[in-house]
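Peer 1: Input structure: run.txt, which contains compact mmCIF, C-alpha atoms (C1' of nucleotides).
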```
# COMPACT_ATOMS: atom_id res chain seq x y z
CA MET A 101 0.00 0.00 0.00
CA ASN A 102 2.52 2.57 1.13
CA GLU A 103 4.39 2.12 -2.10
CA LEU A 104 1.36 3.34 -4.01
CA ILE A 105 0.94 6.31 -1.69
CA GLU A 106 4.59 7.21 -2.09
CA TYR A 107 4.26 6.87 -5.81
CA ILE A 108 1.26 9.15 -5.92
CA LYS A 109 3.01 11.68 -3.73
CA ASN A 110 5.50 12.25 -6.54
CA ASP A 111 2.72 14.02 -8.38
CA ILE A 112 0.20 15.34 -5.89
CA THR A 113 -0.16 15.83 -2.15
CA VAL A 114 -2.08 12.94 -0.67
CA THR A 115 -4.52 13.92 2.04
CA ASP A 116 -5.42 11.54 4.84
CA THR A 117 -8.88 11.17 3.37
CA ILE A 118 -7.56 10.02 0.02
CA GLN A 119 -5.12 7.71 1.72
CA GLU A 120 -7.85 6.17 3.82
CA LYS A 121 -10.11 5.68 0.83
CA LEU A 122 -7.31 4.14 -1.20
CA ASN A 123 -6.69 1.71 1.62
CA ARG A 124 -10.31 0.64 1.42
CA ILE A 125 -10.49 0.03 -2.32
CA CYS A 126 -7.08 -1.54 -2.94
CA VAL A 127 -6.82 -5.29 -2.59
CA LYS A 128 -3.32 -6.56 -2.07
CA LYS A 129 -2.49 -9.86 -3.71
CA GLN A 130 0.52 -12.17 -3.82
CA VAL A 131 1.21 -13.61 -7.25
CA GLN A 132 3.26 -16.71 -7.95
CA LYS A 133 5.50 -17.14 -10.94
CA GLY A 134 3.31 -18.21 -13.85
CA GLU A 135 0.09 -17.50 -11.96
CA ASN A 136 -2.78 -16.02 -13.93
CA ILE A 137 -4.36 -12.89 -12.53
CA LEU A 138 -6.74 -12.03 -15.27
CA SER A 139 -7.99 -14.49 -17.84
CA GLU A 140 -9.58 -14.30 -21.21
CA ASN A 141 -13.33 -13.73 -21.32
CA SER A 142 -13.39 -12.02 -17.97
CA LEU A 143 -15.56 -8.95 -17.60
CA LYS A 144 -13.89 -7.83 -14.40
CA LYS A 145 -12.73 -4.26 -14.76
CA GLN A 146 -9.75 -3.59 -12.62
CA HIS A 147 -6.49 -1.77 -12.69
CA ILE A 148 -3.36 -3.41 -11.40
CA PHE A 149 -0.54 -1.59 -9.66
CA VAL A 150 2.70 -3.52 -9.22
CA LEU A 151 4.36 -3.34 -5.81
CA ARG A 152 7.02 -5.97 -6.39
CA GLY A 153 8.06 -8.42 -9.07
CA CYS A 154 7.13 -8.45 -12.72
CA LEU A 155 3.95 -9.10 -14.71
CA ARG A 156 2.95 -9.19 -18.32
CA SER A 157 -0.25 -8.92 -20.28
CA PHE A 158 -0.55 -11.00 -23.40
CA TYR A 159 -2.88 -12.22 -26.10
CA ARG A 160 -3.19 -15.89 -26.95
CA MET A 161 -3.70 -16.46 -30.65
CA GLU A 162 -5.84 -19.17 -32.21
CA ASN A 163 -2.72 -21.13 -33.10
CA GLY A 164 -1.58 -21.08 -29.48
CA LYS A 165 1.15 -18.51 -29.90
CA GLU A 166 1.30 -15.68 -27.43
CA VAL A 167 1.80 -12.01 -28.12
CA THR A 168 2.98 -9.81 -25.28
CA ILE A 169 1.24 -6.48 -24.96
CA GLN A 170 2.98 -5.06 -21.94
CA PHE A 171 5.45 -5.80 -19.17
CA ALA A 172 5.14 -4.13 -15.78
CA ILE A 173 7.45 -3.87 -12.81
CA LYS A 174 7.36 -1.96 -9.50
CA ASP A 175 5.39 1.27 -9.70
CA TRP A 176 3.84 0.46 -13.05
CA TRP A 177 0.19 0.07 -13.90
CA ILE A 178 -1.05 -2.75 -16.06
CA GLY A 179 -4.44 -3.87 -17.28
CA ASP A 180 -6.49 -4.93 -20.25
CA TYR A 181 -7.41 -1.53 -21.58
CA ILE A 182 -9.85 -2.85 -24.12
CA THR A 183 -11.93 -4.50 -21.40
CA LEU A 184 -11.47 -1.59 -19.04
CA TYR A 185 -12.58 1.06 -21.46
CA THR A 186 -14.96 -0.66 -23.82
CA GLU A 187 -17.77 -3.13 -23.37
CA HIS A 188 -15.83 -6.04 -24.79
CA LYS A 189 -14.94 -9.21 -22.98
CA SER A 190 -11.32 -9.61 -22.11
CA ILE A 191 -9.12 -11.05 -24.83
CA LEU A 192 -5.95 -10.67 -22.80
CA SER A 193 -4.45 -12.56 -19.93
CA ILE A 194 -2.19 -11.17 -17.25
CA GLU A 195 0.32 -13.34 -15.44
CA GLY A 196 3.21 -13.09 -13.04
CA LEU A 197 6.66 -13.52 -14.56
CA SER A 198 8.12 -13.89 -11.10
CA LYS A 199 6.83 -13.92 -7.55
CA SER A 200 5.08 -10.60 -7.31
CA GLU A 201 2.91 -8.44 -5.14
CA ILE A 202 0.19 -6.32 -6.65
CA LEU A 203 -2.74 -4.09 -5.81
CA LEU A 204 -6.05 -4.75 -7.51
CA ILE A 205 -8.21 -1.67 -7.85
CA ASP A 206 -11.75 -1.80 -9.09
CA LYS A 207 -12.44 0.60 -11.93
CA THR A 208 -15.71 1.89 -10.49
CA GLU A 209 -14.18 2.58 -7.11
CA LEU A 210 -11.32 4.39 -8.76
CA GLU A 211 -13.74 6.56 -10.71
CA ARG A 212 -15.57 7.45 -7.55
CA LEU A 213 -12.25 8.65 -6.18
CA TYR A 214 -11.72 10.80 -9.28
CA ILE A 215 -15.04 12.53 -8.71
CA GLU A 216 -14.59 13.01 -4.99
CA HIS A 217 -10.99 14.17 -5.29
CA PRO A 218 -10.26 16.05 -8.50
CA GLU A 219 -6.58 16.28 -7.65
CA PHE A 220 -6.47 12.51 -7.72
CA ALA A 221 -8.09 12.61 -11.13
CA THR A 222 -5.28 14.90 -12.22
CA PHE A 223 -2.74 12.40 -11.01
CA HIS A 224 -4.37 9.68 -12.98
CA ARG A 225 -4.78 11.79 -16.06
CA LYS A 226 -1.03 12.30 -16.15
CA ASN A 227 -0.60 8.56 -16.09
CA PHE A 228 -2.96 8.27 -19.00
CA GLU A 229 -0.96 10.82 -20.89
CA LYS A 230 2.34 9.06 -20.32
CA HIS A 231 0.70 5.83 -21.34
CA ILE A 232 -0.62 7.27 -24.57
CA ALA A 233 2.81 8.65 -25.42
CA THR A 234 4.32 5.22 -24.78
CA LEU A 235 1.77 3.48 -26.96
CA GLN A 236 2.24 5.95 -29.78
CA LYS A 237 5.96 5.40 -29.56
CA ARG A 238 5.52 1.65 -29.74
CA ILE A 239 3.29 1.88 -32.80
CA LEU A 240 5.93 4.00 -34.49
CA SER A 241 8.54 1.43 -33.59
CA LEU A 242 6.47 -1.44 -34.97
CA LEU A 243 5.88 0.47 -38.19
CA THR A 244 9.41 1.61 -38.87
CA GLN A 245 12.03 -0.57 -37.23
CA THR A 246 13.72 -3.82 -38.17
CA ALA A 247 13.98 -6.72 -35.73
CA ALA A 248 17.48 -5.65 -34.65
CA GLU A 249 16.47 -2.01 -34.15
CA LYS A 250 13.42 -2.94 -32.13
CA TYR A 251 15.49 -5.16 -29.87
CA GLN A 252 18.15 -2.54 -29.36
CA GLN A 253 15.56 0.04 -28.45
CA PHE A 254 13.91 -2.39 -26.10
CA ILE A 255 17.02 -3.12 -24.08
CA THR A 256 17.79 0.59 -23.96
CA ASP A 257 14.31 1.68 -22.93
CA TYR A 258 13.78 -1.16 -20.48
CA ALA A 259 17.34 -1.61 -19.29
CA ASP A 260 16.20 -1.96 -15.69
CA PHE A 261 14.38 -5.21 -16.25
CA ALA A 262 15.12 -6.47 -19.77
CA GLN A 263 17.50 -9.10 -18.40
CA LYS A 264 14.85 -10.48 -16.06
CA ILE A 265 12.60 -11.44 -18.94
CA PRO A 266 13.07 -14.63 -20.96
CA ASN A 267 14.07 -13.91 -24.53
CA TYR A 268 11.13 -15.69 -26.09
CA GLN A 269 8.82 -13.26 -24.31
CA ILE A 270 10.82 -10.27 -25.42
CA ALA A 271 10.50 -11.64 -28.94
CA SER A 272 6.73 -11.91 -28.54
CA TYR A 273 6.68 -8.27 -27.43
CA LEU A 274 8.71 -7.13 -30.42
CA GLY A 275 6.64 -9.09 -32.88
CA ILE A 276 9.41 -11.44 -33.96
CA THR A 277 10.13 -15.14 -33.38
CA PRO A 278 12.51 -16.39 -30.68
CA GLU A 279 14.72 -17.79 -33.44
CA SER A 280 15.03 -14.39 -35.09
CA LEU A 281 15.80 -12.73 -31.78
CA SER A 282 18.48 -15.30 -31.13
CA ARG A 283 20.10 -14.47 -34.47
CA VAL A 284 19.85 -10.75 -33.80
CA ARG A 285 21.60 -11.23 -30.47
CA LYS A 286 24.29 -13.35 -32.05
CA GLU A 287 24.91 -10.66 -34.64
CA MET A 288 25.10 -7.98 -31.95
CA ALA A 289 27.57 -10.02 -29.90
CA LYS A 290 29.98 -9.99 -32.82
CA GLN A 291 30.48 -6.24 -32.58
CA MET B 82 -17.41 25.84 -32.01
CA ASN B 83 -20.93 24.61 -31.48
CA GLU B 84 -19.95 21.25 -32.86
CA LEU B 85 -17.51 20.81 -30.01
CA ILE B 86 -20.09 21.87 -27.44
CA GLU B 87 -22.60 19.43 -28.90
CA TYR B 88 -19.99 16.72 -28.85
CA ILE B 89 -19.13 17.34 -25.21
CA LYS B 90 -22.81 17.38 -24.31
CA ASN B 91 -22.97 13.73 -25.25
CA ASP B 92 -20.97 13.01 -22.13
CA ILE B 93 -21.52 15.81 -19.64
CA THR B 94 -23.77 18.82 -19.15
CA VAL B 95 -22.02 21.93 -20.36
CA THR B 96 -22.59 24.97 -18.19
CA ASP B 97 -22.53 28.47 -19.64
CA THR B 98 -19.27 29.13 -17.81
CA ILE B 99 -17.55 26.18 -19.44
CA GLN B 100 -18.95 27.12 -22.79
CA GLU B 101 -17.75 30.68 -22.46
CA LYS B 102 -14.28 29.56 -21.43
CA LEU B 103 -14.07 27.08 -24.28
CA ASN B 104 -14.96 29.84 -26.68
CA ARG B 105 -12.04 31.84 -25.36
CA ILE B 106 -9.40 29.13 -25.64
CA CYS B 107 -10.40 27.49 -28.91
CA VAL B 108 -8.94 28.91 -32.09
CA LYS B 109 -10.84 28.01 -35.20
CA LYS B 110 -8.78 27.40 -38.31
CA GLN B 111 -9.47 26.61 -41.94
CA VAL B 112 -7.15 24.02 -43.42
CA GLN B 113 -6.50 23.50 -47.10
CA LYS B 114 -5.91 20.14 -48.70
CA GLY B 115 -2.26 19.26 -48.17
CA GLU B 116 -1.73 22.12 -45.73
CA ASN B 117 0.55 21.48 -42.78
CA ILE B 118 -0.83 22.33 -39.38
CA LEU B 119 1.91 21.02 -37.19
CA SER B 120 5.44 20.43 -38.34
CA GLU B 121 8.39 18.46 -37.11
CA ASN B 122 10.54 20.05 -34.45
CA SER B 123 7.73 22.17 -33.12
CA LEU B 124 7.37 22.48 -29.38
CA LYS B 125 3.85 23.85 -29.57
CA LYS B 126 1.57 21.77 -27.39
CA GLN B 127 -1.91 21.78 -28.69
CA HIS B 128 -4.82 19.48 -29.16
CA ILE B 129 -6.77 19.52 -32.37
CA PHE B 130 -10.48 18.89 -32.66
CA VAL B 131 -11.84 18.28 -36.14
CA LEU B 132 -15.03 20.10 -37.09
CA ARG B 133 -15.09 19.22 -40.77
CA GLY B 134 -12.92 17.40 -43.27
CA CYS B 135 -10.13 14.94 -42.63
CA LEU B 136 -6.61 15.15 -41.21
CA ARG B 137 -3.78 12.80 -40.59
CA SER B 138 -0.70 12.74 -38.41
CA PHE B 139 2.41 11.09 -39.79
CA TYR B 140 6.08 10.52 -39.32
CA ARG B 141 8.59 11.24 -42.03
CA MET B 142 11.42 8.71 -42.08
CA GLU B 143 15.04 9.46 -42.92
CA ASN B 144 14.57 7.89 -46.35
CA GLY B 145 11.65 10.20 -47.07
CA LYS B 146 8.92 7.63 -46.63
CA GLU B 147 5.94 8.56 -44.53
CA VAL B 148 4.24 6.51 -41.85
CA THR B 149 0.72 7.44 -40.89
CA ILE B 150 -0.02 7.43 -37.18
CA GLN B 151 -3.63 8.50 -37.18
CA PHE B 152 -6.49 9.73 -39.31
CA ALA B 153 -9.14 12.02 -37.89
CA ILE B 154 -12.52 13.15 -39.14
CA LYS B 155 -15.39 15.20 -37.66
CA ASP B 156 -15.61 14.92 -33.89
CA TRP B 157 -12.21 13.30 -33.52
CA TRP B 158 -9.22 14.56 -31.63
CA ILE B 159 -5.76 14.41 -33.09
CA GLY B 160 -2.33 15.50 -31.95
CA ASP B 161 1.26 14.50 -31.48
CA TYR B 162 0.97 12.74 -28.18
CA ILE B 163 4.68 12.36 -27.71
CA THR B 164 5.18 16.12 -27.87
CA LEU B 165 2.04 16.80 -25.87
CA TYR B 166 2.89 14.50 -23.02
CA THR B 167 6.66 14.39 -22.89
CA GLU B 168 9.36 16.99 -23.24
CA HIS B 169 10.44 15.88 -26.69
CA LYS B 170 10.34 17.98 -29.80
CA SER B 171 7.72 17.00 -32.31
CA ILE B 172 8.68 14.24 -34.68
CA LEU B 173 5.27 14.14 -36.33
CA SER B 174 3.53 16.34 -38.82
CA ILE B 175 -0.19 16.87 -39.14
CA GLU B 176 -1.80 17.83 -42.42
CA GLY B 177 -5.20 18.21 -44.02
CA LEU B 178 -6.25 15.44 -46.37
CA SER B 179 -9.06 17.60 -47.64
CA LYS B 180 -10.37 21.10 -47.00
CA SER B 181 -11.03 21.02 -43.29
CA GLU B 182 -12.03 23.10 -40.34
CA ILE B 183 -10.44 22.53 -36.96
CA LEU B 184 -10.19 23.90 -33.46
CA LEU B 185 -6.74 24.41 -31.97
CA ILE B 186 -6.69 24.17 -28.21
CA ASP B 187 -3.64 24.97 -26.17
CA LYS B 188 -2.67 22.23 -23.75
CA THR B 189 -2.11 24.57 -20.79
CA GLU B 190 -5.44 26.28 -21.24
CA LEU B 191 -7.15 22.94 -21.46
CA GLU B 192 -5.52 21.84 -18.24
CA ARG B 193 -6.69 24.96 -16.51
CA LEU B 194 -10.20 24.01 -17.57
CA TYR B 195 -9.74 20.53 -16.07
CA ILE B 196 -8.82 22.05 -12.74
CA GLU B 197 -11.57 24.63 -12.72
CA HIS B 198 -14.24 22.22 -13.92
CA PRO B 199 -13.72 18.65 -12.76
CA GLU B 200 -16.66 17.44 -14.80
CA PHE B 201 -14.83 18.60 -17.89
CA ALA B 202 -11.81 16.64 -16.74
CA THR B 203 -14.06 13.60 -16.56
CA PHE B 204 -15.17 14.16 -20.10
CA HIS B 205 -11.60 14.32 -21.26
CA ARG B 206 -10.52 11.34 -19.23
CA LYS B 207 -13.10 9.24 -21.06
CA ASN B 208 -11.57 10.34 -24.31
CA PHE B 209 -8.19 9.27 -23.05
CA GLU B 210 -9.58 5.90 -22.15
CA LYS B 211 -11.13 5.33 -25.55
CA HIS B 212 -7.90 6.42 -27.13
CA ILE B 213 -5.83 4.00 -25.09
CA ALA B 214 -8.17 1.15 -26.01
CA THR B 215 -7.81 2.09 -29.68
CA LEU B 216 -4.03 2.19 -29.49
CA GLN B 217 -3.87 -1.16 -27.69
CA LYS B 218 -6.06 -2.63 -30.38
CA ARG B 219 -3.83 -1.27 -33.11
CA ILE B 220 -0.71 -2.70 -31.49
CA LEU B 221 -2.40 -6.07 -31.32
CA SER B 222 -3.30 -5.78 -34.97
CA LEU B 223 0.25 -4.88 -35.97
CA LEU B 224 1.60 -7.82 -33.98
CA THR B 225 -0.78 -10.50 -35.16
CA GLN B 226 -2.32 -9.74 -38.54
CA THR B 227 -1.20 -10.21 -42.12
CA ALA B 228 -1.39 -7.41 -44.67
CA ALA B 229 -4.77 -8.66 -45.92
CA GLU B 230 -6.22 -8.99 -42.43
CA LYS B 231 -5.09 -5.54 -41.41
CA TYR B 232 -6.66 -4.02 -44.49
CA GLN B 233 -9.93 -5.84 -43.99
CA GLN B 234 -10.11 -4.73 -40.40
CA PHE B 235 -9.30 -1.19 -41.44
CA ILE B 236 -12.12 -0.87 -43.93
CA THR B 237 -14.49 -2.43 -41.42
CA ASP B 238 -13.46 -0.24 -38.51
CA TYR B 239 -13.22 2.94 -40.53
CA ALA B 240 -15.96 2.27 -43.05
CA ASP B 241 -17.26 5.83 -42.74
CA PHE B 242 -14.17 7.40 -44.25
CA ALA B 243 -11.90 4.66 -45.60
CA GLN B 244 -12.93 5.46 -49.18
CA LYS B 245 -12.00 9.11 -48.76
CA ILE B 246 -8.37 8.25 -48.11
CA PRO B 247 -5.89 7.48 -50.89
CA ASN B 248 -4.72 3.90 -50.80
CA TYR B 249 -1.06 4.72 -50.44
CA GLN B 250 -1.86 6.49 -47.17
CA ILE B 251 -3.93 3.58 -45.92
CA ALA B 252 -0.91 1.42 -46.74
CA SER B 253 1.35 3.69 -44.71
CA TYR B 254 -1.07 3.36 -41.80
CA LEU B 255 -1.10 -0.42 -42.01
CA GLY B 256 2.66 -0.65 -42.28
CA ILE B 257 2.72 -2.10 -45.80
CA THR B 258 3.70 -0.72 -49.21
CA PRO B 259 1.17 0.65 -51.71
CA GLU B 260 2.13 -2.18 -54.05
CA SER B 261 1.29 -4.79 -51.45
CA LEU B 262 -2.01 -3.13 -50.68
CA SER B 263 -2.84 -3.09 -54.36
CA ARG B 264 -2.23 -6.84 -54.56
CA VAL B 265 -4.30 -7.43 -51.44
CA ARG B 266 -7.18 -5.50 -52.98
CA LYS B 267 -6.87 -7.40 -56.23
CA GLU B 268 -7.02 -10.68 -54.35
CA MET B 269 -10.07 -9.54 -52.39
CA ALA B 270 -11.88 -8.45 -55.55
CA LYS B 271 -11.64 -12.00 -56.88
CA GLN B 272 -13.90 -13.32 -54.18
C1' DC C 159 19.03 -39.05 -13.23
C1' DG C 160 15.67 -37.57 -16.59
C1' DC C 161 12.44 -34.30 -17.93
C1' DG C 162 10.81 -29.89 -19.49
C1' DA C 163 11.79 -25.22 -20.57
C1' DC C 164 14.68 -22.29 -23.05
C1' DG C 165 18.00 -20.82 -26.36
C1' DT C 166 20.56 -21.75 -30.48
C1' DT C 167 21.71 -23.21 -35.14
C1' DG C 168 20.91 -24.73 -39.87
C1' DA C 169 18.05 -25.46 -44.04
C1' DT C 170 14.26 -23.97 -46.37
C1' DT C 171 10.20 -21.22 -47.34
C1' DT C 172 7.44 -17.19 -47.73
C1' DG C 173 5.18 -12.77 -47.31
C1' DC C 174 6.21 -8.62 -48.31
C1' DC C 175 9.52 -5.21 -50.25
C1' DT C 176 12.11 -3.12 -53.96
C1' DC C 177 12.65 -1.60 -58.39
C1' DA C 178 10.89 -0.59 -62.72
C1' DA C 179 7.46 0.21 -66.02
C1' DC C 180 3.02 1.50 -67.41
C1' DG C 181 -2.14 2.98 -67.43
C1' DA C 182 -5.65 6.15 -65.60
C1' DT C 183 -7.00 10.38 -63.83
C1' DT C 184 -6.70 15.09 -62.75
C1' DG C 185 -5.15 19.61 -62.99
C1' DT C 186 -2.66 23.35 -65.46
C1' DG C 187 -0.88 26.50 -68.72
C1' DG C 188 -0.44 27.67 -73.54
C1' DC D 250 -9.37 22.47 -75.94
C1' DC D 251 -5.48 19.96 -76.00
C1' DA D 252 -0.49 18.77 -74.63
C1' DC D 253 1.82 18.06 -70.45
C1' DA D 254 3.14 16.96 -65.97
C1' DA D 255 2.03 15.18 -61.65
C1' DT D 256 -0.25 11.97 -58.83
C1' DC D 257 -2.00 7.60 -57.93
C1' DG D 258 -2.89 2.78 -58.61
C1' DT D 259 -1.46 -1.44 -60.81
C1' DT D 260 1.44 -5.17 -62.52
C1' DG D 261 5.61 -7.97 -63.08
C1' DA D 262 10.25 -9.70 -61.86
C1' DG D 263 13.47 -10.44 -58.55
C1' DG D 264 15.32 -10.08 -53.78
C1' DC D 265 15.45 -10.20 -48.86
C1' DA D 266 14.29 -10.21 -43.91
C1' DA D 267 12.11 -12.89 -41.07
C1' DA D 268 9.15 -17.10 -40.46
C1' DT D 269 8.92 -21.98 -40.38
C1' DC D 270 10.47 -26.49 -39.47
C1' DA D 271 13.57 -29.46 -37.36
C1' DA D 272 17.31 -30.80 -34.49
C1' DC D 273 20.26 -30.28 -30.75
C1' DG D 274 22.78 -28.28 -26.50
C1' DT D 275 22.21 -26.52 -21.86
C1' DC D 276 20.48 -25.60 -17.63
C1' DG D 277 17.55 -26.02 -13.53
C1' DC D 278 14.73 -28.87 -10.95
C1' DG D 279 11.50 -32.56 -9.08
```
Here is a file; write its structure as structure tokens.
Peer 2:
Amino acid sequence: MNELIEYIKNDITVTDTIQEKLNRICVKKQVQKGENILSENSLKKQHIFVLRGCLRSFYRMENGKEVTIQFAIKDWWIGDYITLYTEHKSILSIEGLSKSEILLIDKTELERLYIEHPEFATFHRKNFEKHIATLQKRILSLLTQTAAEKYQQFITDYADFAQKIPNYQIASYLGITPESLSRVRKEMAKQ
Amino acid sequence: MNELIEYIKNDITVTDTIQEKLNRICVKKQVQKGENILSENSLKKQHIFVLRGCLRSFYRMENGKEVTIQFAIKDWWIGDYITLYTEHKSILSIEGLSKSEILLIDKTELERLYIEHPEFATFHRKNFEKHIATLQKRILSLLTQTAAEKYQQFITDYADFAQKIPNYQIASYLGITPESLSRVRKEMAKQ
DNA sequence: CGCGACGTTGATTTGCCTCAACGATTGTGG
DNA sequence: CCACAATCGTTGAGGCAAATCAACGTCGCG
């Protein structure tokens, strides 16, 4: 809990009232490695805030292959934004990549907090903005970069946790096969 | 102007005060076909609301090729979200695809409105949410679909204006070449 | 130990790109 | 009103980056 409060304090001053309300609506959860938090076809609308460990959201294709949408470590938010913000059933799953600790926050409760405390809404809006910038950047990357370029950017941008993630999942995030990533890495090692 | 008010009214009730303030901060602009509204390297932070016509934002690569990030028609927002929400110079351009009419809204002014009128912030947060869902969906599409599938989804999702856009720009949105799109269309026509 | 998960390597295939040429259409100036 | 250029879409030939398929090495773990 306190980690979230501290995190929010970077942006806004957190009154006791907000803190108390947050305490009420956040559900702390321990996640095991490989454990599923959110599954396909769920209608549950909740945000996830990572306290410890590492998670990822991914899409399972008809042929069984998985595509990673997002990784999240300490102080990051993660969720299925299609389910959260539209009326569609979940098509994503979210799982722990390692033993993790997270906060589950119901969307409706969170929205009540926005209304009651506009400054909290401001805090969250800034998160939205950062998120949109990140997504736009990723789309640009997918549209313009080669496999090698995407990988290089990935390990630069996510230096703090890139080495914690198995390569085949990095590949599924970059939109390439594990085999291709392996060859890219081999090529890079030569230099 | 009134188009924006009407649009906002779909989500929240617009008081006279809000309406008056919006009138003050919105700058209406006529855009010619091919005219550039926002150019690379700009630091101007403004949102654009489309009243009439059609715009697109795009990235110009080193080799001169263009990659389309977004199209926008009546009642859509468009902008360079990396510039808007980070401290980076603009790497995108925004231009009119046809004679258009837009509202330019300064980011800072808009944020003042959020603070002064929390219900307006709510309205804008919902736009953010829809936008995030759209971007997530596009990333999924880029990661999983073939050229033909992407095109089919495009003309389904954007049926209302897909035929107004030249094919080579649709191609640059889908991340394929005009030649490939042409072949995809030829194949589809066979069925 | 033996099994499963992961990464690597090689051989082959393929979807899309590149390059080049050529209609069709539209707009423009003489 | 027509030559002309410019823009856009199409088609063909050839090439390439990455995918696929298959095999094998390594490591961690019950």
Peer 1: Excluding B:Ile251 and any residue of its chain fewer than 2 positions from it, enumerate the residues within 10 Å of it, using all atoms listed in the file, and give them as an NGL selection string.
Peer 2: :B and (148-149 or 152 or 232 or 235-236 or 243-244 or 246-249 or 253-259 or 262)
Peer 1: Do you know which residues lie at most 7 Å from (-1.6, 16.1, -39.3), with coordinates as in the file and all atoms listed in the file counted, and could you write them as an MDAnalysis selection string?
Peer 2: chainID B and resid 117:119 136:139 174:177
Peer 1: What does the structure give for the distance between atom CA of B:Ile163 and atom CA of A:Lys237, in Å to one decimal?
Peer 2: 7.3 Å
Peer 1: Which residue gives the smallest distance to chain B among A:Glu162, A:Ile205, A:Ala172, A:Tyr258, with all atoms listed in the file counted?
Peer 2: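 Nearest to chain B: A:Glu162.
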Peer 1: Which distance in Å separates atom C1' of C:DT166 and atom C1' of D:DC270, to one decimal?
Peer 2: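 Computing it gives 14.3 Å between the two atoms.
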Peer 1: One decimal, in Å: what's the spacing between atom CA of A:His217 and atom CA of B:Phe201?
Peer 2: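 Those two atoms sit 13.9 Å apart.
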Peer 1: If you keep N, CA and C atoms, can you output stretch 276-290 of chain A as a PDB file, in the first residue's frame?
Peer 2:
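Writing done, so here's selection14.pdb:
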```pdb
ATOM      1  N   ILE A 276       8.529 -10.583 -33.178  1.00  0.00           N
ATOM      2  CA  ILE A 276       9.413 -11.440 -33.964  1.00  0.00           C
ATOM      3  C   ILE A 276       9.447 -12.821 -33.291  1.00  0.00           C
ATOM      4  N   THR A 277      10.060 -13.795 -33.956  1.00  0.00           N
ATOM      5  CA  THR A 277      10.129 -15.136 -33.376  1.00  0.00           C
ATOM      6  C   THR A 277      11.360 -15.237 -32.477  1.00  0.00           C
ATOM      7  N   PRO A 278      11.341 -16.188 -31.541  1.00  0.00           N
ATOM      8  CA  PRO A 278      12.511 -16.395 -30.683  1.00  0.00           C
ATOM      9  C   PRO A 278      13.751 -16.707 -31.514  1.00  0.00           C
ATOM     10  N   GLU A 279      13.587 -17.450 -32.582  1.00  0.00           N
ATOM     11  CA  GLU A 279      14.715 -17.785 -33.442  1.00  0.00           C
ATOM     12  C   GLU A 279      15.345 -16.527 -34.031  1.00  0.00           C
ATOM     13  N   SER A 280      14.501 -15.626 -34.508  1.00  0.00           N
ATOM     14  CA  SER A 280      15.026 -14.387 -35.086  1.00  0.00           C
ATOM     15  C   SER A 280      15.747 -13.568 -34.025  1.00  0.00           C
ATOM     16  N   LEU A 281      15.154 -13.507 -32.836  1.00  0.00           N
ATOM     17  CA  LEU A 281      15.800 -12.734 -31.776  1.00  0.00           C
ATOM     18  C   LEU A 281      17.166 -13.320 -31.452  1.00  0.00           C
ATOM     19  N   SER A 282      17.221 -14.633 -31.411  1.00  0.00           N
ATOM     20  CA  SER A 282      18.485 -15.297 -31.135  1.00  0.00           C
ATOM     21  C   SER A 282      19.540 -14.901 -32.164  1.00  0.00           C
ATOM     22  N   ARG A 283      19.149 -14.854 -33.413  1.00  0.00           N
ATOM     23  CA  ARG A 283      20.099 -14.469 -34.469  1.00  0.00           C
ATOM     24  C   ARG A 283      20.490 -12.999 -34.351  1.00  0.00           C
ATOM     25  N   VAL A 284      19.542 -12.168 -34.002  1.00  0.00           N
ATOM     26  CA  VAL A 284      19.854 -10.750 -33.802  1.00  0.00           C
ATOM     27  C   VAL A 284      20.881 -10.587 -32.692  1.00  0.00           C
ATOM     28  N   ARG A 285      20.687 -11.334 -31.602  1.00  0.00           N
ATOM     29  CA  ARG A 285      21.597 -11.229 -30.471  1.00  0.00           C
ATOM     30  C   ARG A 285      22.993 -11.742 -30.850  1.00  0.00           C
ATOM     31  N   LYS A 286      23.009 -12.803 -31.618  1.00  0.00           N
ATOM     32  CA  LYS A 286      24.290 -13.346 -32.054  1.00  0.00           C
ATOM     33  C   LYS A 286      25.056 -12.306 -32.881  1.00  0.00           C
ATOM     34  N   GLU A 287      24.324 -11.685 -33.784  1.00  0.00           N
ATOM     35  CA  GLU A 287      24.907 -10.660 -34.638  1.00  0.00           C
ATOM     36  C   GLU A 287      25.463  -9.505 -33.796  1.00  0.00           C
ATOM     37  N   MET A 288      24.678  -9.094 -32.803  1.00  0.00           N
ATOM     38  CA  MET A 288      25.098  -7.982 -31.952  1.00  0.00           C
ATOM     39  C   MET A 288      26.346  -8.340 -31.139  1.00  0.00           C
ATOM     40  N   ALA A 289      26.431  -9.592 -30.730  1.00  0.00           N
ATOM     41  CA  ALA A 289      27.567 -10.018 -29.902  1.00  0.00           C
ATOM     42  C   ALA A 289      28.873  -9.919 -30.661  1.00  0.00           C
ATOM     43  N   LYS A 290      28.785 -10.058 -31.975  1.00  0.00           N
ATOM     44  CA  LYS A 290      29.975  -9.994 -32.821  1.00  0.00           C
ATOM     45  C   LYS A 290      30.686  -8.653 -32.707  1.00  0.00           C
TER      46      LYS A 290
END
```
